[in-house]
Amino acid sequence: MSVWHIAGGNRLEGSTTVQGAKNAVLPIMAASVLAPCETELLNVPMLRDVDTTIRILRGLGCSVERAGDSVNIDSGYIARAEIPHSLMRELRSSVIFLGALLARCGSARLSMPGGCELGPRPIDLHLMALRALGARIEESGGELICSTPGGLKGAAIALPLPSVGATENAMLAACAAEGETVIMNAAREPEIAELQAFLVKLGADVSGAGSATVTVRGGFAAPERVGHRIMPDRIVSATLLAACAAAGGEIELRGVEPRHFSTVLHSLSECGCDIMSNGASVALRSDGNLKAPMPVITGPYPGFPTDAQPLMLAACLKARGTSVFVENVFQNRFRFTEELQRLGARIHTEGRVAVVTGVARLHGAPAVATDLRGGAALIIAALAAEGETDILDSGHVERGYERFDECLRSLGADITLTDTKGP
Ligand code: EPZ
């Protein structure tokens, strides 16, 4: 158990680079299993989720070396196509290994990934897509026992909704499917294009990522070695900008792709922040006195990202007027608002809608991080509050934010992270 201790009231000033994208590196690490080769990944963030993925790769028989922000994976030998239940529970998104293992080994055994703090996290679309490619998937005793008795065959897959994970799993399995696979209503997130870029380096014939239709022509010969630098994390970028908007100040993010979070920039600009961006950096200036933006309505990319909703909501707690948030992607993504109310926030939630009434001030208070982005939202609110806040965290924030305390301190925040060595 860790405690984030924040003394609110400091403005944020300065510039920083942004870590590699968690939601890009995880599927790419799974994709490294597709073929026997050595993969060198650069700009890999130091996160709990990355550590868990490294343990999964080693459990499969890969050798994995980490040095700073680089991770080297040798997938020359796969000893087993199974992921233990304990690791599946630690990282539900490890279901992404299903497509890669079916492609490489023709079989896979892993437990059903549990739900999480955001509500149920079904994988029915993943299984539908993989079955369309010829996979036989039996669900028994909470386990998925998968095989490809007749091999994987290309297919036309129409996703009922543009699931990021299902799109990624289908892409990975399709790389080993005979013939052409067309994934329709594919997710369009930047992380999908990043995965495609890696697969092309691996020798696979993948195109269309970023649009609603991704095409894969199966069968490829991988090079002995492949290298890839992970794109910057657009949600961490949004987090830092929201923190500066709330606390006041002026920060610059270097080495980012502003177009990947343009909807967030637009809402922050509506709040009254000054935003200056060019191809690879973005700067935000705020006096901390914000006004309510137009309603923030989340949706699949290029809509407002669901992961940035808690961050934007926290930035609006003191905004003049009433801010409205509609969460269309996950069922239960407002739990963190109960914790924000301990700091004096006025928030009413009804189903998928949260209504924030701006307050003149927030005050420090003890609180608990309920999930990854909810925990980050609490930190943002504490930075803008008067007094001291202690946030109890069972490791949620560190799943997605690399040395977040150091990063915020470098920008002038009064924040420390203590590991209480508790359960
Ligand atoms: C990815 O999750 C991200 N995680 C999430 O980031 C992100 O919030 C989400 O995409 C949406 O952008 C990673 O990339 C590791 P989905 P994923 O499949 O793939 C439903 C974070 O904070 N659905 O696009 O699980 C699902 O219940 C995390 O970094 C089905 O019904 O998201 C949800 O309502 C949180 N059946 C919606 O689709 C399925 O088979 C979107 O889920 C799959 C999904």
# chains A, B, ... in the order shown; residues from 1 in each chain; ligands from 1

$ residues_around --residues "A:Ala176" --least-positions-apart "3" --cutoff "8 Å" --atoms "only C-alpha atoms" --output "NGL selection string"
:A and (103-104 or 152 or 172-173 or 218-220)

$ write_last_selection --atoms "all heavy atoms" --output "PDB file, in the first residue's frame"
ATOM      1  N   ALA A 103      -1.591 -17.524 -32.883  1.00  0.00           N
ATOM      2  CA  ALA A 103      -0.845 -17.345 -34.138  1.00  0.00           C
ATOM      3  C   ALA A 103       0.474 -18.107 -34.112  1.00  0.00           C
ATOM      4  O   ALA A 103       0.859 -18.770 -35.076  1.00  0.00           O
ATOM      5  CB  ALA A 103      -0.590 -15.858 -34.366  1.00  0.00           C
ATOM      6  N   ARG A 104       1.180 -18.031 -32.969  1.00  0.00           N
ATOM      7  CA  ARG A 104       2.509 -18.651 -32.912  1.00  0.00           C
ATOM      8  C   ARG A 104       2.467 -20.144 -32.626  1.00  0.00           C
ATOM      9  O   ARG A 104       3.212 -20.928 -33.225  1.00  0.00           O
ATOM     10  CB  ARG A 104       3.334 -17.937 -31.834  1.00  0.00           C
ATOM     11  CG  ARG A 104       4.694 -18.539 -31.527  1.00  0.00           C
ATOM     12  CD  ARG A 104       5.719 -18.265 -32.613  1.00  0.00           C
ATOM     13  NE  ARG A 104       6.990 -18.902 -32.321  1.00  0.00           N
ATOM     14  CZ  ARG A 104       7.968 -18.344 -31.622  1.00  0.00           C
ATOM     15  NH1 ARG A 104       7.763 -17.122 -31.100  1.00  0.00           N
ATOM     16  NH2 ARG A 104       9.114 -18.970 -31.419  1.00  0.00           N
ATOM     17  N   LEU A 152      -5.542 -21.233 -38.721  1.00  0.00           N
ATOM     18  CA  LEU A 152      -6.271 -19.965 -38.777  1.00  0.00           C
ATOM     19  C   LEU A 152      -6.480 -19.585 -40.241  1.00  0.00           C
ATOM     20  O   LEU A 152      -5.565 -19.695 -41.068  1.00  0.00           O
ATOM     21  CB  LEU A 152      -5.473 -18.872 -38.040  1.00  0.00           C
ATOM     22  CG  LEU A 152      -5.346 -19.047 -36.516  1.00  0.00           C
ATOM     23  CD1 LEU A 152      -4.355 -18.027 -35.961  1.00  0.00           C
ATOM     24  CD2 LEU A 152      -6.699 -18.925 -35.821  1.00  0.00           C
ATOM     25  N   LEU A 172      -3.473  -9.542 -34.365  1.00  0.00           N
ATOM     26  CA  LEU A 172      -2.350 -10.439 -34.064  1.00  0.00           C
ATOM     27  C   LEU A 172      -2.615 -11.841 -34.598  1.00  0.00           C
ATOM     28  O   LEU A 172      -1.775 -12.439 -35.265  1.00  0.00           O
ATOM     29  CB  LEU A 172      -2.092 -10.472 -32.553  1.00  0.00           C
ATOM     30  CG  LEU A 172      -1.655  -9.136 -31.914  1.00  0.00           C
ATOM     31  CD1 LEU A 172      -1.362  -9.319 -30.433  1.00  0.00           C
ATOM     32  CD2 LEU A 172      -0.450  -8.551 -32.627  1.00  0.00           C
ATOM     33  N   ALA A 173      -3.820 -12.349 -34.366  1.00  0.00           N
ATOM     34  CA  ALA A 173      -4.123 -13.708 -34.851  1.00  0.00           C
ATOM     35  C   ALA A 173      -4.135 -13.741 -36.380  1.00  0.00           C
ATOM     36  O   ALA A 173      -3.632 -14.670 -37.014  1.00  0.00           O
ATOM     37  CB  ALA A 173      -5.470 -14.160 -34.297  1.00  0.00           C
ATOM     38  N   GLY A 218      -2.258 -12.718 -44.182  1.00  0.00           N
ATOM     39  CA  GLY A 218      -1.522 -13.571 -43.252  1.00  0.00           C
ATOM     40  C   GLY A 218      -0.257 -14.167 -43.839  1.00  0.00           C
ATOM     41  O   GLY A 218      -0.059 -14.181 -45.050  1.00  0.00           O
ATOM     42  N   GLY A 219       0.582 -14.638 -42.947  1.00  0.00           N
ATOM     43  CA  GLY A 219       1.812 -15.317 -43.369  1.00  0.00           C
ATOM     44  C   GLY A 219       2.932 -14.315 -43.537  1.00  0.00           C
ATOM     45  O   GLY A 219       2.789 -13.331 -44.260  1.00  0.00           O
ATOM     46  N   PHE A 220       4.009 -14.464 -42.805  1.00  0.00           N
ATOM     47  CA  PHE A 220       5.133 -13.525 -42.967  1.00  0.00           C
ATOM     48  C   PHE A 220       6.387 -14.182 -42.418  1.00  0.00           C
ATOM     49  O   PHE A 220       6.325 -15.111 -41.618  1.00  0.00           O
ATOM     50  CB  PHE A 220       4.846 -12.216 -42.232  1.00  0.00           C
ATOM     51  CG  PHE A 220       4.790 -12.367 -40.734  1.00  0.00           C
ATOM     52  CD1 PHE A 220       5.896 -12.082 -39.939  1.00  0.00           C
ATOM     53  CD2 PHE A 220       3.618 -12.815 -40.110  1.00  0.00           C
ATOM     54  CE1 PHE A 220       5.834 -12.224 -38.555  1.00  0.00           C
ATOM     55  CE2 PHE A 220       3.555 -12.950 -38.737  1.00  0.00           C
ATOM     56  CZ  PHE A 220       4.657 -12.663 -37.950  1.00  0.00           C
TER      57      PHE A 220
END

$ closest_atom_pairs --of "chain A" --to "ligand 1" --cutoff "6 Å" --atoms "only C-alpha atoms and all ligand atoms" --output "JSON lines"
{"residue": "A:Asn23", "atom": "CA", "partner": "ligand 1", "partner_atom_place_in_ligand_line": "14 (O)", "distance": 4.0}
{"residue": "A:Ser93", "atom": "CA", "partner": "ligand 1", "partner_atom_place_in_ligand_line": "15 (C)", "distance": 5.1}
{"residue": "A:Arg121", "atom": "CA", "partner": "ligand 1", "partner_atom_place_in_ligand_line": "27 (O)", "distance": 4.5}
{"residue": "A:Pro122", "atom": "CA", "partner": "ligand 1", "partner_atom_place_in_ligand_line": "36 (N)", "distance": 4.6}
{"residue": "A:Ile123", "atom": "CA", "partner": "ligand 1", "partner_atom_place_in_ligand_line": "40 (O)", "distance": 3.1}
{"residue": "A:Asp124", "atom": "CA", "partner": "ligand 1", "partner_atom_place_in_ligand_line": "40 (O)", "distance": 3.9}
{"residue": "A:Leu125", "atom": "CA", "partner": "ligand 1", "partner_atom_place_in_ligand_line": "40 (O)", "distance": 3.4}
{"residue": "A:His126", "atom": "CA", "partner": "ligand 1", "partner_atom_place_in_ligand_line": "40 (O)", "distance": 4.8}
{"residue": "A:Ser163", "atom": "CA", "partner": "ligand 1", "partner_atom_place_in_ligand_line": "24 (O)", "distance": 3.5}
{"residue": "A:Val164", "atom": "CA", "partner": "ligand 1", "partner_atom_place_in_ligand_line": "24 (O)", "distance": 3.8}
{"residue": "A:Gly165", "atom": "CA", "partner": "ligand 1", "partner_atom_place_in_ligand_line": "19 (O)", "distance": 3.4}
{"residue": "A:Ala166", "atom": "CA", "partner": "ligand 1", "partner_atom_place_in_ligand_line": "18 (O)", "distance": 5.9}
{"residue": "A:Thr306", "atom": "CA", "partner": "ligand 1", "partner_atom_place_in_ligand_line": "8 (O)", "distance": 5.6}
{"residue": "A:Asp307", "atom": "CA", "partner": "ligand 1", "partner_atom_place_in_ligand_line": "22 (O)", "distance": 5.0}
{"residue": "A:Val329", "atom": "CA", "partner": "ligand 1", "partner_atom_place_in_ligand_line": "34 (O)", "distance": 4.7}
{"residue": "A:Phe330", "atom": "CA", "partner": "ligand 1", "partner_atom_place_in_ligand_line": "34 (O)", "distance": 4.3}
{"residue": "A:Arg373", "atom": "CA", "partner": "ligand 1", "partner_atom_place_in_ligand_line": "22 (O)", "distance": 5.8}

$ write_last_selection --atoms "N, CA, C and O atoms" --output "PDB file, in the first residue's frame"
ATOM      1  N   ASN A  23      -0.637   1.888 -23.124  1.00  0.00           N
ATOM      2  CA  ASN A  23      -1.600   1.126 -23.933  1.00  0.00           C
ATOM      3  C   ASN A  23      -1.105   0.844 -25.344  1.00  0.00           C
ATOM      4  O   ASN A  23      -1.817   0.238 -26.142  1.00  0.00           O
ATOM      5  N   SER A  93      -5.613  -6.978 -19.145  1.00  0.00           N
ATOM      6  CA  SER A  93      -5.382  -6.737 -20.582  1.00  0.00           C
ATOM      7  C   SER A  93      -4.412  -7.761 -21.164  1.00  0.00           C
ATOM      8  O   SER A  93      -4.105  -7.732 -22.343  1.00  0.00           O
ATOM      9  N   ARG A 121     -15.642  -6.317 -17.563  1.00  0.00           N
ATOM     10  CA  ARG A 121     -14.789  -6.107 -18.732  1.00  0.00           C
ATOM     11  C   ARG A 121     -14.915  -7.345 -19.625  1.00  0.00           C
ATOM     12  O   ARG A 121     -14.064  -8.212 -19.653  1.00  0.00           O
ATOM     13  N   PRO A 122     -16.039  -7.473 -20.340  1.00  0.00           N
ATOM     14  CA  PRO A 122     -16.265  -8.672 -21.154  1.00  0.00           C
ATOM     15  C   PRO A 122     -15.230  -8.803 -22.274  1.00  0.00           C
ATOM     16  O   PRO A 122     -14.594  -7.811 -22.665  1.00  0.00           O
ATOM     17  N   ILE A 123     -15.048 -10.024 -22.735  1.00  0.00           N
ATOM     18  CA  ILE A 123     -14.143 -10.258 -23.887  1.00  0.00           C
ATOM     19  C   ILE A 123     -14.872 -11.003 -24.991  1.00  0.00           C
ATOM     20  O   ILE A 123     -14.251 -11.632 -25.862  1.00  0.00           O
ATOM     21  N   ASP A 124     -16.194 -10.933 -25.004  1.00  0.00           N
ATOM     22  CA  ASP A 124     -16.973 -11.656 -26.019  1.00  0.00           C
ATOM     23  C   ASP A 124     -16.590 -11.261 -27.444  1.00  0.00           C
ATOM     24  O   ASP A 124     -16.570 -12.107 -28.340  1.00  0.00           O
ATOM     25  N   LEU A 125     -16.215 -10.004 -27.643  1.00  0.00           N
ATOM     26  CA  LEU A 125     -15.851  -9.580 -29.008  1.00  0.00           C
ATOM     27  C   LEU A 125     -14.487 -10.154 -29.406  1.00  0.00           C
ATOM     28  O   LEU A 125     -14.265 -10.498 -30.563  1.00  0.00           O
ATOM     29  N   HIS A 126     -13.578 -10.261 -28.417  1.00  0.00           N
ATOM     30  CA  HIS A 126     -12.287 -10.911 -28.695  1.00  0.00           C
ATOM     31  C   HIS A 126     -12.555 -12.335 -29.174  1.00  0.00           C
ATOM     32  O   HIS A 126     -12.019 -12.780 -30.186  1.00  0.00           O
ATOM     33  N   SER A 163     -14.006  -2.122 -30.267  1.00  0.00           N
ATOM     34  CA  SER A 163     -13.224  -2.489 -29.087  1.00  0.00           C
ATOM     35  C   SER A 163     -11.731  -2.430 -29.400  1.00  0.00           C
ATOM     36  O   SER A 163     -11.274  -3.054 -30.366  1.00  0.00           O
ATOM     37  N   VAL A 164     -10.986  -1.721 -28.583  1.00  0.00           N
ATOM     38  CA  VAL A 164      -9.521  -1.622 -28.784  1.00  0.00           C
ATOM     39  C   VAL A 164      -8.890  -2.999 -28.660  1.00  0.00           C
ATOM     40  O   VAL A 164      -8.196  -3.468 -29.572  1.00  0.00           O
ATOM     41  N   GLY A 165      -9.172  -3.696 -27.578  1.00  0.00           N
ATOM     42  CA  GLY A 165      -8.535  -4.997 -27.341  1.00  0.00           C
ATOM     43  C   GLY A 165      -8.935  -6.034 -28.359  1.00  0.00           C
ATOM     44  O   GLY A 165      -8.093  -6.813 -28.837  1.00  0.00           O
ATOM     45  N   ALA A 166     -10.211  -6.035 -28.733  1.00  0.00           N
ATOM     46  CA  ALA A 166     -10.658  -7.033 -29.718  1.00  0.00           C
ATOM     47  C   ALA A 166     -10.005  -6.761 -31.079  1.00  0.00           C
ATOM     48  O   ALA A 166      -9.620  -7.696 -31.789  1.00  0.00           O
ATOM     49  N   THR A 306     -12.156   8.145 -22.922  1.00  0.00           N
ATOM     50  CA  THR A 306     -12.717   7.791 -21.616  1.00  0.00           C
ATOM     51  C   THR A 306     -11.661   7.881 -20.521  1.00  0.00           C
ATOM     52  O   THR A 306     -11.952   8.298 -19.399  1.00  0.00           O
ATOM     53  N   ASP A 307     -10.416   7.550 -20.847  1.00  0.00           N
ATOM     54  CA  ASP A 307      -9.360   7.570 -19.823  1.00  0.00           C
ATOM     55  C   ASP A 307      -9.058   8.983 -19.352  1.00  0.00           C
ATOM     56  O   ASP A 307      -8.497   9.160 -18.263  1.00  0.00           O
ATOM     57  N   VAL A 329     -18.332   4.882 -22.459  1.00  0.00           N
ATOM     58  CA  VAL A 329     -17.534   3.688 -22.766  1.00  0.00           C
ATOM     59  C   VAL A 329     -17.597   2.642 -21.655  1.00  0.00           C
ATOM     60  O   VAL A 329     -17.824   1.463 -21.923  1.00  0.00           O
ATOM     61  N   PHE A 330     -17.383   3.066 -20.414  1.00  0.00           N
ATOM     62  CA  PHE A 330     -17.416   2.101 -19.303  1.00  0.00           C
ATOM     63  C   PHE A 330     -18.611   2.365 -18.394  1.00  0.00           C
ATOM     64  O   PHE A 330     -19.024   3.507 -18.204  1.00  0.00           O
ATOM     65  N   ARG A 373      -7.054   5.863 -13.249  1.00  0.00           N
ATOM     66  CA  ARG A 373      -7.275   7.257 -13.647  1.00  0.00           C
ATOM     67  C   ARG A 373      -8.031   8.015 -12.551  1.00  0.00           C
ATOM     68  O   ARG A 373      -7.862   9.222 -12.407  1.00  0.00           O
TER      69      ARG A 373
END

$ select_by_dssp --residues "stretch 142-179 of chain A" --states "helix (DSSP H, G or I)" --output "list in words"
Val164, Gly165, Ala166, Thr167, Glu168, Asn169, Ala170, Met171, Leu172, Ala173 and Ala174 of chain A

$ write_last_selection --atoms "C-alpha atoms" --output "PDB file, in the first residue's frame"
ATOM      1  CA  VAL A 164      -9.521  -1.622 -28.784  1.00  0.00           C
ATOM      2  CA  GLY A 165      -8.535  -4.997 -27.341  1.00  0.00           C
ATOM      3  CA  ALA A 166     -10.658  -7.033 -29.718  1.00  0.00           C
ATOM      4  CA  THR A 167      -9.191  -5.134 -32.692  1.00  0.00           C
ATOM      5  CA  GLU A 168      -5.662  -5.817 -31.424  1.00  0.00           C
ATOM      6  CA  ASN A 169      -6.321  -9.515 -30.745  1.00  0.00           C
ATOM      7  CA  ALA A 170      -7.823  -9.968 -34.209  1.00  0.00           C
ATOM      8  CA  MET A 171      -4.853  -8.192 -35.834  1.00  0.00           C
ATOM      9  CA  LEU A 172      -2.350 -10.439 -34.064  1.00  0.00           C
ATOM     10  CA  ALA A 173      -4.123 -13.708 -34.851  1.00  0.00           C
ATOM     11  CA  ALA A 174      -4.773 -12.633 -38.460  1.00  0.00           C
TER      12      ALA A 174
END

$ residues_around --residues "A:Ala212" --least-positions-apart "2" --cutoff "9 Å" --atoms "only C-alpha atoms" --output "number ranges by chain"
A: 162, 183-188, 208-210, 214

$ residues_around --residues "A:Glu252" --least-positions-apart "2" --cutoff "9 Å" --atoms "only C-alpha atoms" --output "count of residues only"
14

$ residues_around --residues "A:Met46" --least-positions-apart "5" --cutoff "10 Å" --atoms "only C-alpha atoms" --output "list in words"
Gln19, Gly20, Lys22, Asp51, Arg66, Gly68, Asp69, Ser70, Glu398, Arg399, Gly400, Tyr401, Glu402 and Arg403 of chain A

$ write_last_selection --atoms "C-alpha atoms" --output "compact mmCIF listing (two decimals), in the first residue's frame"
# COMPACT_ATOMS: atom_id res chain seq x y z
CA GLN A 19 6.67 8.58 -20.83
CA GLY A 20 6.03 5.93 -23.45
CA LYS A 22 1.22 2.06 -21.58
CA ASP A 51 6.62 -5.54 -15.15
CA ARG A 66 15.26 -4.58 -19.12
CA GLY A 68 16.40 1.69 -18.22
CA ASP A 69 13.75 2.52 -20.79
CA SER A 70 14.68 -0.31 -23.13
CA GLU A 398 1.75 3.27 -10.49
CA ARG A 399 0.21 0.85 -12.99
CA GLY A 400 0.07 3.69 -15.51
CA TYR A 401 2.23 6.59 -14.34
CA GLU A 402 6.01 6.34 -14.28
CA ARG A 403 7.64 8.09 -11.28

$ decode --residues "stretch 351-362 of chain A" --atoms "all heavy atoms" --output "compact mmCIF listing (two decimals), in the first residue's frame"
# COMPACT_ATOMS: atom_id res chain seq x y z
N GLY A 351 -26.21 7.41 -13.32
CA GLY A 351 -25.90 6.52 -14.45
C GLY A 351 -24.63 6.97 -15.15
O GLY A 351 -23.57 7.07 -14.54
N ARG A 352 -24.74 7.29 -16.41
CA ARG A 352 -23.56 7.63 -17.20
C ARG A 352 -23.25 9.13 -17.18
O ARG A 352 -22.38 9.60 -17.91
CB ARG A 352 -23.74 7.17 -18.66
CG ARG A 352 -23.70 5.64 -18.83
CD ARG A 352 -23.82 5.23 -20.26
NE ARG A 352 -23.72 3.78 -20.42
CZ ARG A 352 -22.57 3.14 -20.58
NH1 ARG A 352 -21.43 3.81 -20.56
NH2 ARG A 352 -22.55 1.81 -20.72
N VAL A 353 -23.99 9.89 -16.34
CA VAL A 353 -23.82 11.34 -16.34
C VAL A 353 -23.30 11.82 -14.98
O VAL A 353 -23.77 11.34 -13.94
CB VAL A 353 -25.15 12.06 -16.66
CG1 VAL A 353 -24.96 13.59 -16.65
CG2 VAL A 353 -25.68 11.61 -18.03
N ALA A 354 -22.31 12.70 -15.03
CA ALA A 354 -21.85 13.34 -13.78
C ALA A 354 -21.99 14.85 -13.97
O ALA A 354 -21.60 15.38 -15.03
CB ALA A 354 -20.40 12.98 -13.50
N VAL A 355 -22.55 15.51 -12.96
CA VAL A 355 -22.72 16.97 -13.03
C VAL A 355 -21.87 17.58 -11.92
O VAL A 355 -22.02 17.22 -10.74
CB VAL A 355 -24.20 17.36 -12.84
CG1 VAL A 355 -24.34 18.88 -12.85
CG2 VAL A 355 -25.05 16.72 -13.94
N VAL A 356 -20.95 18.45 -12.30
CA VAL A 356 -20.04 19.08 -11.33
C VAL A 356 -20.44 20.54 -11.15
O VAL A 356 -20.49 21.30 -12.13
CB VAL A 356 -18.58 19.01 -11.83
CG1 VAL A 356 -17.64 19.74 -10.87
CG2 VAL A 356 -18.13 17.55 -12.00
N THR A 357 -20.75 20.92 -9.92
CA THR A 357 -21.03 22.33 -9.63
C THR A 357 -19.75 22.95 -9.08
O THR A 357 -19.21 22.48 -8.06
CB THR A 357 -22.16 22.44 -8.57
OG1 THR A 357 -23.30 21.72 -9.05
CG2 THR A 357 -22.51 23.90 -8.32
N GLY A 358 -19.25 23.95 -9.77
CA GLY A 358 -17.97 24.54 -9.36
C GLY A 358 -18.02 25.11 -7.95
O GLY A 358 -19.02 25.73 -7.58
N VAL A 359 -16.99 24.86 -7.17
CA VAL A 359 -16.91 25.41 -5.80
C VAL A 359 -15.76 26.42 -5.76
O VAL A 359 -14.84 26.38 -6.58
CB VAL A 359 -16.67 24.29 -4.75
CG1 VAL A 359 -17.88 23.37 -4.67
CG2 VAL A 359 -15.41 23.50 -5.06
N ALA A 360 -15.83 27.31 -4.79
CA ALA A 360 -14.80 28.36 -4.69
C ALA A 360 -13.45 27.77 -4.26
O ALA A 360 -12.39 28.21 -4.71
CB ALA A 360 -15.24 29.41 -3.69
N ARG A 361 -13.52 26.76 -3.41
CA ARG A 361 -12.24 26.17 -2.98
C ARG A 361 -12.42 24.69 -2.63
O ARG A 361 -13.51 24.24 -2.33
CB ARG A 361 -11.66 26.94 -1.79
CG ARG A 361 -12.54 27.01 -0.54
CD ARG A 361 -11.85 27.77 0.57
NE ARG A 361 -11.45 29.11 0.09
CZ ARG A 361 -12.31 30.12 0.02
NH1 ARG A 361 -13.57 29.95 0.38
NH2 ARG A 361 -11.91 31.30 -0.43
N LEU A 362 -11.30 23.99 -2.69
CA LEU A 362 -11.24 22.60 -2.23
C LEU A 362 -10.31 22.57 -1.01
O LEU A 362 -9.45 23.45 -0.88
CB LEU A 362 -10.67 21.71 -3.34
CG LEU A 362 -11.47 21.60 -4.64
CD1 LEU A 362 -10.63 20.91 -5.72
CD2 LEU A 362 -12.77 20.85 -4.42
